[in-house]
Amino acid sequence: MKRALRTAKQADIEQRLGRFADVLFPQEAEEPILAPAVRAAVFDWLAEIRAADALDAVGLTPRRSMLLYGPPGCGKTTLAHHFAARLGLPLACVRSESLVEASLGGTGNNISKLFDAMKATEGGAVVFFDEVDSIGSKRMNDQGASVEMASALNVMLRRIEMFGGIAMAATNRQDVLDPALWRRFNMQLSVDLPGEEERFAILRRYAAPFEPSDDDLDLLTAVTRGASPALLRALMEGVKRVLVMAERLKRPAADPVAVFAPVVAAVAPPPEVADLPALWTRGGIEDLAGLSWPWPRKD
Ligand SMILES: Nc1ncnc2c1ncn2[C@@H]1O[C@H](COP(=O)(O)OP(=O)(O)OP(=O)(O)O)[C@@H](O)[C@H]1O
Ligand SMILES: [Mg+2]
């Protein structure tokens, strides 16, 4: 959505939080495709928040904070945005590194300012600390910086506790995250690489409006084991781009291997991935000769 189309209230929230956060509104959210256990955990939490009054009547309060962890591109930010949208709230997606300041107490001050601004936003928002490891990392090279970070972390934990709303955070560096920070979240949810069923559904979603057969999706699912949803999306969007441009440029698109080859060459899993999906190994792309081609298109 363009800035010009914001309501006055949305513009106000953006203005208040803009220094430290990007505000993502409900109507722009998309639902991530997640493993059943993750979906269930999220569903339960939503139900719990919606039942706050009933819980309150028996002296319970809904859980209010969740840490999402897992490899890049698996849907942490997408999930936080979707979750806030399900509550009808904007997501204040805090660029954690924008809070960090070199001056003494600077980072803690920024965190306080952020929460003060959150409090002032009418109707509220879910606060989401993206890449929270940039504040809450346990490995600091120099002593001064480490003391400073510990104090910033304390401010953050205290403010999260005092904050009446929902707080989420994400990291793909759980190995360096401060254990105190980890523990202070009510829940820690792993958003990991997609399994077979999820890859199948993700490939189908991002192939639309092209409609590969189930056999074709099975084949693609098999050769993309180890790929993140973000990579699967880039792959399918790349293929769609080639298909659409081929018509226009009068290039032959009759051979699936020829269509996929430039896309596979142009997008690749990040270097830290230990087991490359077969599609990105030597000769892996030849398997795609088995696709039933061309894919029907439904508009
Ligand atoms: N589980 C998923 N289902 C469908 N699409 C997904 C999923 N995960 C990621 N995507 C797509 O991949 C892109 C990147 O996802 P996202 O930013 O949510 O990942 P992330 O886990 O936050 O990554 P990072 O650790 O790099 O911040 C988004 O455009 C999103 O549409
Ligand atoms: Mg993210």
# chains A, B, ... in the order shown; residues from 1 in each chain; ligands from 1
$ select_by_dssp --residues "stretch 72-291 of chain A" --states "alpha helix (DSSP H)" --output "ChimeraX atom specification"
/A:76-86,106-120,143-162,179-184,196-207,214-223,229-249,256-266
$ residues_near_ligand --ligand "ligand 2" --cutoff "9 Å" --atoms "only C-alpha atoms and all ligand atoms" --output "list in words"
Pro72, Gly73, Cys74, Gly75, Lys76, Thr77, Thr78, Asp130, Glu131, Ala170, Thr171 and Asn172 of chain A
$ closest_atom_pairs --of "chain A" --to "ligand 1" --cutoff "10 Å" --atoms "only C-alpha atoms and all ligand atoms" --output "tab-separated table"
residue	atom	partner	partner_atom_place_in_ligand_line	distance
A:Ala29	CA	ligand 1	31 (O)	9.3
A:Glu30	CA	ligand 1	31 (O)	7.1
A:Glu31	CA	ligand 1	4 (C)	6.9
A:Pro32	CA	ligand 1	3 (N)	3.6
A:Ile33	CA	ligand 1	3 (N)	3.7
A:Leu34	CA	ligand 1	1 (N)	5.0
A:Ala35	CA	ligand 1	1 (N)	8.3
A:Leu68	CA	ligand 1	21 (O)	8.5
A:Tyr69	CA	ligand 1	21 (O)	7.9
A:Gly70	CA	ligand 1	21 (O)	6.8
A:Pro71	CA	ligand 1	25 (O)	5.7
A:Pro72	CA	ligand 1	25 (O)	3.3
A:Gly73	CA	ligand 1	19 (O)	3.4
A:Cys74	CA	ligand 1	8 (N)	3.8
A:Gly75	CA	ligand 1	8 (N)	3.1
A:Lys76	CA	ligand 1	21 (O)	3.7
A:Thr77	CA	ligand 1	22 (O)	3.8
A:Thr78	CA	ligand 1	18 (O)	3.7
A:Leu79	CA	ligand 1	18 (O)	6.4
A:Ala80	CA	ligand 1	18 (O)	8.1
A:His81	CA	ligand 1	18 (O)	8.5
A:His82	CA	ligand 1	18 (O)	9.8
A:Asp130	CA	ligand 1	27 (O)	7.1
A:Glu131	CA	ligand 1	27 (O)	7.0
A:Ala170	CA	ligand 1	22 (O)	7.5
A:Thr171	CA	ligand 1	25 (O)	6.4
A:Asn172	CA	ligand 1	25 (O)	5.2
A:Arg173	CA	ligand 1	25 (O)	8.7
A:Val191	CA	ligand 1	21 (O)	7.2
A:Asp192	CA	ligand 1	21 (O)	8.4
A:Leu193	CA	ligand 1	1 (N)	8.3
A:Pro194	CA	ligand 1	1 (N)	7.1
A:Glu198	CA	ligand 1	1 (N)	7.7
A:Arg199	CA	ligand 1	3 (N)	8.6
A:Ala201	CA	ligand 1	3 (N)	8.4
A:Ile202	CA	ligand 1	4 (C)	5.7
A:Leu203	CA	ligand 1	4 (C)	8.9
A:Arg205	CA	ligand 1	4 (C)	8.0
A:Tyr206	CA	ligand 1	5 (N)	8.4
A:Ser228	CA	ligand 1	8 (N)	7.1
A:Pro229	CA	ligand 1	8 (N)	4.6
A:Ala230	CA	ligand 1	12 (O)	3.3
A:Leu231	CA	ligand 1	12 (O)	7.1
A:Leu232	CA	ligand 1	12 (O)	8.0
A:Arg233	CA	ligand 1	11 (C)	6.3
A:Ala234	CA	ligand 1	12 (O)	8.1
$ residues_around --residues "A:Phe25" --least-positions-apart "4" --cutoff "12 Å" --atoms "only C-alpha atoms" --output "ChimeraX atom specification"
/A:1-3,5-7,9-11,13-14,29-30,78,80-93,124-126
$ residues_around --residues "A:Leu60" --least-positions-apart "4" --cutoff "12 Å" --atoms "only C-alpha atoms" --output "short mmCIF file (atom, residue, chain, number, x, y, z; two decimals) with N, CA, C and O atoms, in the first residue's frame"
data_model
loop_
_atom_site.label_atom_id
_atom_site.label_comp_id
_atom_site.auth_asym_id
_atom_site.auth_seq_id
_atom_site.Cartn_x
_atom_site.Cartn_y
_atom_site.Cartn_z
N GLU A 48 -5.93 -17.86 22.88
CA GLU A 48 -5.70 -17.47 24.27
C GLU A 48 -5.84 -15.95 24.44
O GLU A 48 -6.47 -15.47 25.39
N ILE A 49 -5.27 -15.21 23.50
CA ILE A 49 -5.34 -13.74 23.59
C ILE A 49 -6.78 -13.28 23.45
O ILE A 49 -7.25 -12.38 24.15
N ALA A 51 -9.31 -14.89 24.32
CA ALA A 51 -10.09 -15.32 25.49
C ALA A 51 -9.60 -14.62 26.77
O ALA A 51 -9.85 -15.10 27.87
N ALA A 52 -8.93 -13.48 26.60
CA ALA A 52 -8.33 -12.81 27.77
C ALA A 52 -9.32 -12.59 28.90
O ALA A 52 -8.99 -12.82 30.07
N ASP A 53 -10.54 -12.19 28.57
CA ASP A 53 -11.52 -11.90 29.63
C ASP A 53 -11.88 -13.15 30.42
O ASP A 53 -11.93 -13.13 31.65
N ALA A 54 -12.14 -14.24 29.70
CA ALA A 54 -12.50 -15.49 30.36
C ALA A 54 -11.35 -15.98 31.23
O ALA A 54 -11.56 -16.49 32.35
N LEU A 55 -10.13 -15.81 30.74
CA LEU A 55 -8.97 -16.24 31.53
C LEU A 55 -8.82 -15.37 32.77
O LEU A 55 -8.55 -15.85 33.87
N ASP A 56 -9.05 -14.08 32.57
CA ASP A 56 -8.92 -13.13 33.67
C ASP A 56 -9.87 -13.48 34.82
O ASP A 56 -9.52 -13.35 35.99
N ARG A 64 2.15 -13.25 26.66
CA ARG A 64 2.24 -12.02 25.89
C ARG A 64 3.50 -11.87 25.04
O ARG A 64 3.65 -10.88 24.33
#
$ closest_atom_pairs --of "stretch 191-217 of chain A" --to "stretch 276-298 of chain A" --cutoff "12 Å" --atoms "only C-alpha atoms" --output "JSON lines"
{"residue": "A:Leu193", "atom": "CA", "partner": "A:Pro277", "partner_atom": "CA", "distance": 11.8}
{"residue": "A:Arg204", "atom": "CA", "partner": "A:Trp295", "partner_atom": "CA", "distance": 11.8}
{"residue": "A:Ala207", "atom": "CA", "partner": "A:Trp295", "partner_atom": "CA", "distance": 9.5}
{"residue": "A:Ala208", "atom": "CA", "partner": "A:Lys298", "partner_atom": "CA", "distance": 7.8}
{"residue": "A:Pro209", "atom": "CA", "partner": "A:Lys298", "partner_atom": "CA", "distance": 5.2}
{"residue": "A:Phe210", "atom": "CA", "partner": "A:Arg297", "partner_atom": "CA", "distance": 4.2}
{"residue": "A:Glu211", "atom": "CA", "partner": "A:Pro296", "partner_atom": "CA", "distance": 5.5}
{"residue": "A:Pro212", "atom": "CA", "partner": "A:Trp295", "partner_atom": "CA", "distance": 5.4}
{"residue": "A:Ser213", "atom": "CA", "partner": "A:Ser292", "partner_atom": "CA", "distance": 7.8}
{"residue": "A:Asp214", "atom": "CA", "partner": "A:Ser292", "partner_atom": "CA", "distance": 10.4}
{"residue": "A:Asp215", "atom": "CA", "partner": "A:Leu291", "partner_atom": "CA", "distance": 8.0}
{"residue": "A:Asp216", "atom": "CA", "partner": "A:Leu291", "partner_atom": "CA", "distance": 5.4}
{"residue": "A:Leu217", "atom": "CA", "partner": "A:Leu291", "partner_atom": "CA", "distance": 8.9}
$ write_last_selection --atoms "N, CA, C and O atoms" --output "PDB file, in the first residue's frame"
ATOM      1  N   LEU A 193      13.322 -24.742   8.296  1.00  0.00           N
ATOM      2  CA  LEU A 193      13.184 -25.025   6.868  1.00  0.00           C
ATOM      3  C   LEU A 193      11.936 -25.881   6.642  1.00  0.00           C
ATOM      4  O   LEU A 193      11.616 -26.733   7.472  1.00  0.00           O
ATOM      5  N   ARG A 204       3.395 -24.543  -4.940  1.00  0.00           N
ATOM      6  CA  ARG A 204       2.108 -24.358  -5.626  1.00  0.00           C
ATOM      7  C   ARG A 204       1.637 -22.910  -5.498  1.00  0.00           C
ATOM      8  O   ARG A 204       1.173 -22.313  -6.464  1.00  0.00           O
ATOM      9  N   ALA A 207       3.665 -20.647  -7.760  1.00  0.00           N
ATOM     10  CA  ALA A 207       3.569 -20.941  -9.197  1.00  0.00           C
ATOM     11  C   ALA A 207       2.332 -20.269  -9.791  1.00  0.00           C
ATOM     12  O   ALA A 207       2.285 -20.004 -10.991  1.00  0.00           O
ATOM     13  N   ALA A 208       1.317 -20.034  -8.973  1.00  0.00           N
ATOM     14  CA  ALA A 208       0.053 -19.464  -9.461  1.00  0.00           C
ATOM     15  C   ALA A 208       0.327 -18.149 -10.207  1.00  0.00           C
ATOM     16  O   ALA A 208       1.213 -17.400  -9.796  1.00  0.00           O
ATOM     17  N   PRO A 209      -0.366 -17.884 -11.301  1.00  0.00           N
ATOM     18  CA  PRO A 209      -1.534 -18.576 -11.857  1.00  0.00           C
ATOM     19  C   PRO A 209      -1.192 -19.779 -12.731  1.00  0.00           C
ATOM     20  O   PRO A 209      -2.097 -20.355 -13.341  1.00  0.00           O
ATOM     21  N   PHE A 210       0.097 -20.161 -12.802  1.00  0.00           N
ATOM     22  CA  PHE A 210       0.398 -21.410 -13.507  1.00  0.00           C
ATOM     23  C   PHE A 210       0.026 -22.555 -12.573  1.00  0.00           C
ATOM     24  O   PHE A 210       0.129 -22.421 -11.350  1.00  0.00           O
ATOM     25  N   GLU A 211      -0.393 -23.662 -13.148  1.00  0.00           N
ATOM     26  CA  GLU A 211      -0.884 -24.770 -12.331  1.00  0.00           C
ATOM     27  C   GLU A 211      -0.153 -26.064 -12.644  1.00  0.00           C
ATOM     28  O   GLU A 211      -0.651 -26.890 -13.417  1.00  0.00           O
ATOM     29  N   PRO A 212       1.032 -26.244 -12.055  1.00  0.00           N
ATOM     30  CA  PRO A 212       1.737 -27.509 -12.251  1.00  0.00           C
ATOM     31  C   PRO A 212       0.901 -28.658 -11.683  1.00  0.00           C
ATOM     32  O   PRO A 212       0.164 -28.460 -10.709  1.00  0.00           O
ATOM     33  N   SER A 213       1.013 -29.845 -12.300  1.00  0.00           N
ATOM     34  CA  SER A 213       0.297 -31.016 -11.781  1.00  0.00           C
ATOM     35  C   SER A 213       0.905 -31.428 -10.440  1.00  0.00           C
ATOM     36  O   SER A 213       2.024 -31.007 -10.091  1.00  0.00           O
ATOM     37  N   ASP A 214       0.190 -32.274  -9.703  1.00  0.00           N
ATOM     38  CA  ASP A 214       0.730 -32.778  -8.434  1.00  0.00           C
ATOM     39  C   ASP A 214       2.040 -33.533  -8.651  1.00  0.00           C
ATOM     40  O   ASP A 214       2.959 -33.444  -7.835  1.00  0.00           O
ATOM     41  N   ASP A 215       2.124 -34.271  -9.767  1.00  0.00           N
ATOM     42  CA  ASP A 215       3.377 -34.991 -10.058  1.00  0.00           C
ATOM     43  C   ASP A 215       4.532 -34.011 -10.244  1.00  0.00           C
ATOM     44  O   ASP A 215       5.647 -34.245  -9.768  1.00  0.00           O
ATOM     45  N   ASP A 216       4.251 -32.929 -10.960  1.00  0.00           N
ATOM     46  CA  ASP A 216       5.300 -31.927 -11.170  1.00  0.00           C
ATOM     47  C   ASP A 216       5.716 -31.286  -9.840  1.00  0.00           C
ATOM     48  O   ASP A 216       6.894 -31.054  -9.580  1.00  0.00           O
ATOM     49  N   LEU A 217       4.726 -31.002  -9.002  1.00  0.00           N
ATOM     50  CA  LEU A 217       5.043 -30.399  -7.696  1.00  0.00           C
ATOM     51  C   LEU A 217       5.826 -31.388  -6.828  1.00  0.00           C
ATOM     52  O   LEU A 217       6.746 -30.988  -6.108  1.00  0.00           O
TER      53      LEU A 217
END
$ residues_around --residues "stretch 250-263 of chain A" --least-positions-apart "2" --cutoff "6 Å" --atoms "only C-alpha atoms" --output "JSON, numbers by chain"
{"A": [238, 246, 247, 248, 265, 266, 288, 289]}
$ write_last_selection --atoms "C-alpha atoms" --output "PDB file, in the first residue's frame"
ATOM      1  CA  GLY A 238      11.835 -16.375 -11.654  1.00  0.00           C
ATOM      2  CA  ALA A 246       9.362 -15.640 -23.410  1.00  0.00           C
ATOM      3  CA  GLU A 247       6.000 -14.925 -25.013  1.00  0.00           C
ATOM      4  CA  ARG A 248       6.908 -11.295 -25.428  1.00  0.00           C
ATOM      5  CA  ALA A 265      21.737 -19.973 -11.968  1.00  0.00           C
ATOM      6  CA  ALA A 266      20.519 -16.593 -10.720  1.00  0.00           C
ATOM      7  CA  LEU A 288      13.350 -31.315 -14.489  1.00  0.00           C
ATOM      8  CA  ALA A 289      13.199 -32.835 -17.983  1.00  0.00           C
TER       9      ALA A 289
END
$ select_by_dssp --residues "stretch 17-261 of chain A" --states "strand (DSSP E)" --output "list in words"
Ala21, Asp22, Val23, Leu24, Ser65, Met66, Leu67, Leu68, Tyr69, Leu91, Ala92, Cys93, Val94, Arg95, Val126, Val127, Phe128, Phe129, Asp130, Ala167, Met168, Ala169, Ala170, Thr171, Met187, Gln188, Leu189 and Ser190 of chain A
$ residues_around --residues "A:Glu148" --least-positions-apart "3" --cutoff "12 Å" --atoms "only C-alpha atoms" --output "mmCIF file with N, CA, C and O atoms, in the first residue's frame"
data_model
loop_
_atom_site.group_PDB
_atom_site.id
_atom_site.type_symbol
_atom_site.label_atom_id
_atom_site.label_comp_id
_atom_site.auth_asym_id
_atom_site.auth_seq_id
_atom_site.Cartn_x
_atom_site.Cartn_y
_atom_site.Cartn_z
ATOM 1 N N VAL A 100 20.632 0.654 18.593
ATOM 2 C CA VAL A 100 21.980 0.581 19.162
ATOM 3 C C VAL A 100 22.733 1.892 18.938
ATOM 4 O O VAL A 100 22.787 2.408 17.827
ATOM 5 N N GLU A 101 23.271 2.405 20.029
ATOM 6 C CA GLU A 101 24.015 3.661 19.961
ATOM 7 C C GLU A 101 25.308 3.538 20.749
ATOM 8 O O GLU A 101 25.356 2.831 21.753
ATOM 9 N N ALA A 102 26.331 4.253 20.312
ATOM 10 C CA ALA A 102 27.645 4.110 20.953
ATOM 11 C C ALA A 102 27.713 4.834 22.301
ATOM 12 O O ALA A 102 28.395 4.397 23.210
ATOM 13 N N SER A 103 26.943 5.922 22.450
ATOM 14 C CA SER A 103 27.063 6.718 23.677
ATOM 15 C C SER A 103 26.534 5.946 24.890
ATOM 16 O O SER A 103 25.649 5.101 24.771
ATOM 17 N N LEU A 104 27.089 6.286 26.049
ATOM 18 C CA LEU A 104 26.721 5.583 27.279
ATOM 19 C C LEU A 104 25.216 5.703 27.537
ATOM 20 O O LEU A 104 24.673 6.802 27.563
ATOM 21 N N GLY A 105 24.553 4.594 27.710
ATOM 22 C CA GLY A 105 23.115 4.612 27.995
ATOM 23 C C GLY A 105 22.261 4.904 26.783
ATOM 24 O O GLY A 105 21.025 4.919 26.891
ATOM 25 N N GLY A 106 22.875 5.159 25.646
ATOM 26 C CA GLY A 106 22.129 5.562 24.437
ATOM 27 C C GLY A 106 21.135 4.514 23.970
ATOM 28 O O GLY A 106 19.988 4.828 23.643
ATOM 29 N N THR A 107 21.574 3.260 23.973
ATOM 30 C CA THR A 107 20.703 2.193 23.479
ATOM 31 C C THR A 107 19.482 2.027 24.388
ATOM 32 O O THR A 107 18.342 1.946 23.916
ATOM 33 N N GLY A 108 19.744 2.023 25.714
ATOM 34 C CA GLY A 108 18.647 1.908 26.672
ATOM 35 C C GLY A 108 17.654 3.052 26.518
ATOM 36 O O GLY A 108 16.443 2.843 26.579
ATOM 37 N N ASN A 109 18.193 4.249 26.306
ATOM 38 C CA ASN A 109 17.326 5.421 26.090
ATOM 39 C C ASN A 109 16.433 5.250 24.887
ATOM 40 O O ASN A 109 15.245 5.575 24.922
ATOM 41 N N ILE A 135 20.893 -6.617 19.667
ATOM 42 C CA ILE A 135 20.910 -6.050 21.020
ATOM 43 C C ILE A 135 21.319 -7.110 22.032
ATOM 44 O O ILE A 135 22.099 -6.846 22.931
ATOM 45 N N GLY A 136 20.783 -8.302 21.866
ATOM 46 C CA GLY A 136 20.890 -9.301 22.928
ATOM 47 C C GLY A 136 21.901 -10.388 22.678
ATOM 48 O O GLY A 136 21.666 -11.551 22.962
ATOM 49 N N SER A 137 23.058 -10.001 22.148
ATOM 50 C CA SER A 137 24.068 -11.008 21.874
ATOM 51 C C SER A 137 24.977 -11.190 23.083
ATOM 52 O O SER A 137 25.351 -10.241 23.752
ATOM 53 N N LYS A 138 25.349 -12.449 23.376
ATOM 54 C CA LYS A 138 26.152 -12.691 24.576
ATOM 55 C C LYS A 138 27.648 -12.545 24.307
ATOM 56 O O LYS A 138 28.449 -12.452 25.207
ATOM 57 N N MET A 140 30.399 -10.356 23.182
ATOM 58 C CA MET A 140 30.842 -9.006 22.852
ATOM 59 C C MET A 140 32.353 -8.975 22.993
ATOM 60 O O MET A 140 32.897 -9.460 23.975
ATOM 61 N N ASP A 142 34.517 -6.357 23.293
ATOM 62 C CA ASP A 142 35.177 -5.511 24.290
ATOM 63 C C ASP A 142 34.284 -5.292 25.503
ATOM 64 O O ASP A 142 33.054 -5.269 25.428
ATOM 65 N N GLN A 143 34.940 -5.205 26.648
ATOM 66 C CA GLN A 143 34.277 -5.209 27.944
ATOM 67 C C GLN A 143 33.239 -4.090 28.075
ATOM 68 O O GLN A 143 32.120 -4.320 28.494
ATOM 69 N N GLY A 144 33.637 -2.867 27.678
ATOM 70 C CA GLY A 144 32.748 -1.711 27.792
ATOM 71 C C GLY A 144 31.465 -1.926 27.015
ATOM 72 O O GLY A 144 30.365 -1.718 27.536
ATOM 73 N N ALA A 145 31.605 -2.372 25.787
ATOM 74 C CA ALA A 145 30.438 -2.601 24.940
ATOM 75 C C ALA A 145 29.542 -3.655 25.559
ATOM 76 O O ALA A 145 28.318 -3.558 25.504
ATOM 77 N N SER A 151 23.148 -3.601 29.972
ATOM 78 C CA SER A 151 22.223 -2.643 30.571
ATOM 79 C C SER A 151 21.075 -2.332 29.602
ATOM 80 O O SER A 151 19.924 -2.212 30.013
ATOM 81 N N ALA A 152 21.387 -2.265 28.303
ATOM 82 C CA ALA A 152 20.327 -2.050 27.308
ATOM 83 C C ALA A 152 19.337 -3.207 27.329
ATOM 84 O O ALA A 152 18.119 -3.023 27.264
ATOM 85 N N LEU A 153 19.892 -4.399 27.469
ATOM 86 C CA LEU A 153 19.058 -5.595 27.505
ATOM 87 C C LEU A 153 18.115 -5.569 28.699
ATOM 88 O O LEU A 153 16.937 -5.937 28.597
ATOM 89 N N ASN A 154 18.640 -5.117 29.839
ATOM 90 C CA ASN A 154 17.798 -5.009 31.029
ATOM 91 C C ASN A 154 16.648 -4.051 30.821
ATOM 92 O O ASN A 154 15.517 -4.325 31.214
ATOM 93 N N VAL A 155 16.984 -2.908 30.205
ATOM 94 C CA VAL A 155 15.917 -1.936 29.924
ATOM 95 C C VAL A 155 14.864 -2.600 29.045
ATOM 96 O O VAL A 155 13.659 -2.514 29.295
#
$ closest_residue --among "A:Ala40, A:Leu17, A:Met236, A:Met66" --to "A:Trp182" --atoms "only C-alpha atoms"
A:Met66
$ atom_distance --atom1 "atom CA of A:Ser112" --atom2 "atom CA of A:Val132"
15.7 Å
$ closest_residue --among "A:Ala120, A:Val239, A:Ala227, A:Leu67" --to "A:Met187" --atoms "only C-alpha atoms"
A:Leu67
$ decode --residues "stretch 233-251 of chain A" --atoms "N, CA and C atoms" --output "compact mmCIF listing (two decimals), in the first residue's frame"
# COMPACT_ATOMS: atom_id res chain seq x y z
N ARG A 233 10.19 -19.23 -3.30
CA ARG A 233 9.42 -18.14 -3.89
C ARG A 233 10.22 -17.49 -5.04
N ALA A 234 11.49 -17.22 -4.78
CA ALA A 234 12.34 -16.59 -5.80
C ALA A 234 12.44 -17.50 -7.04
N LEU A 235 12.52 -18.80 -6.78
CA LEU A 235 12.61 -19.76 -7.89
C LEU A 235 11.35 -19.70 -8.76
N MET A 236 10.20 -19.82 -8.11
CA MET A 236 8.96 -19.86 -8.88
C MET A 236 8.66 -18.51 -9.53
N GLU A 237 8.98 -17.44 -8.85
CA GLU A 237 8.75 -16.14 -9.47
C GLU A 237 9.68 -15.93 -10.66
N GLY A 238 10.89 -16.45 -10.54
CA GLY A 238 11.84 -16.37 -11.65
C GLY A 238 11.32 -17.14 -12.87
N VAL A 239 10.77 -18.32 -12.60
CA VAL A 239 10.25 -19.14 -13.70
C VAL A 239 9.06 -18.43 -14.36
N LYS A 240 8.21 -17.86 -13.54
CA LYS A 240 7.05 -17.15 -14.12
C LYS A 240 7.51 -15.98 -14.98
N ARG A 241 8.55 -15.30 -14.50
CA ARG A 241 9.08 -14.17 -15.26
C ARG A 241 9.58 -14.64 -16.62
N VAL A 242 10.32 -15.74 -16.63
CA VAL A 242 10.83 -16.27 -17.90
C VAL A 242 9.67 -16.64 -18.81
N LEU A 243 8.66 -17.29 -18.24
CA LEU A 243 7.52 -17.73 -19.07
C LEU A 243 6.81 -16.54 -19.70
N VAL A 244 6.58 -15.51 -18.91
CA VAL A 244 5.86 -14.35 -19.42
C VAL A 244 6.71 -13.59 -20.44
N MET A 245 7.98 -13.43 -20.15
CA MET A 245 8.86 -12.69 -21.06
C MET A 245 9.12 -13.48 -22.33
N ALA A 246 9.10 -14.80 -22.23
CA ALA A 246 9.36 -15.64 -23.41
C ALA A 246 8.32 -15.35 -24.49
N GLU A 247 7.07 -15.25 -24.04
CA GLU A 247 6.00 -14.92 -25.01
C GLU A 247 6.33 -13.62 -25.71
N ARG A 248 6.67 -12.63 -24.89
CA ARG A 248 6.91 -11.29 -25.43
C ARG A 248 8.15 -11.24 -26.32
N LEU A 249 9.18 -11.95 -25.90
CA LEU A 249 10.45 -11.88 -26.64
C LEU A 249 10.54 -12.97 -27.72
N LYS A 250 9.45 -13.70 -27.84
CA LYS A 250 9.39 -14.80 -28.82
C LYS A 250 10.58 -15.76 -28.65
N ARG A 251 10.87 -16.07 -27.40
CA ARG A 251 11.89 -17.08 -27.11
C ARG A 251 11.17 -18.41 -26.89
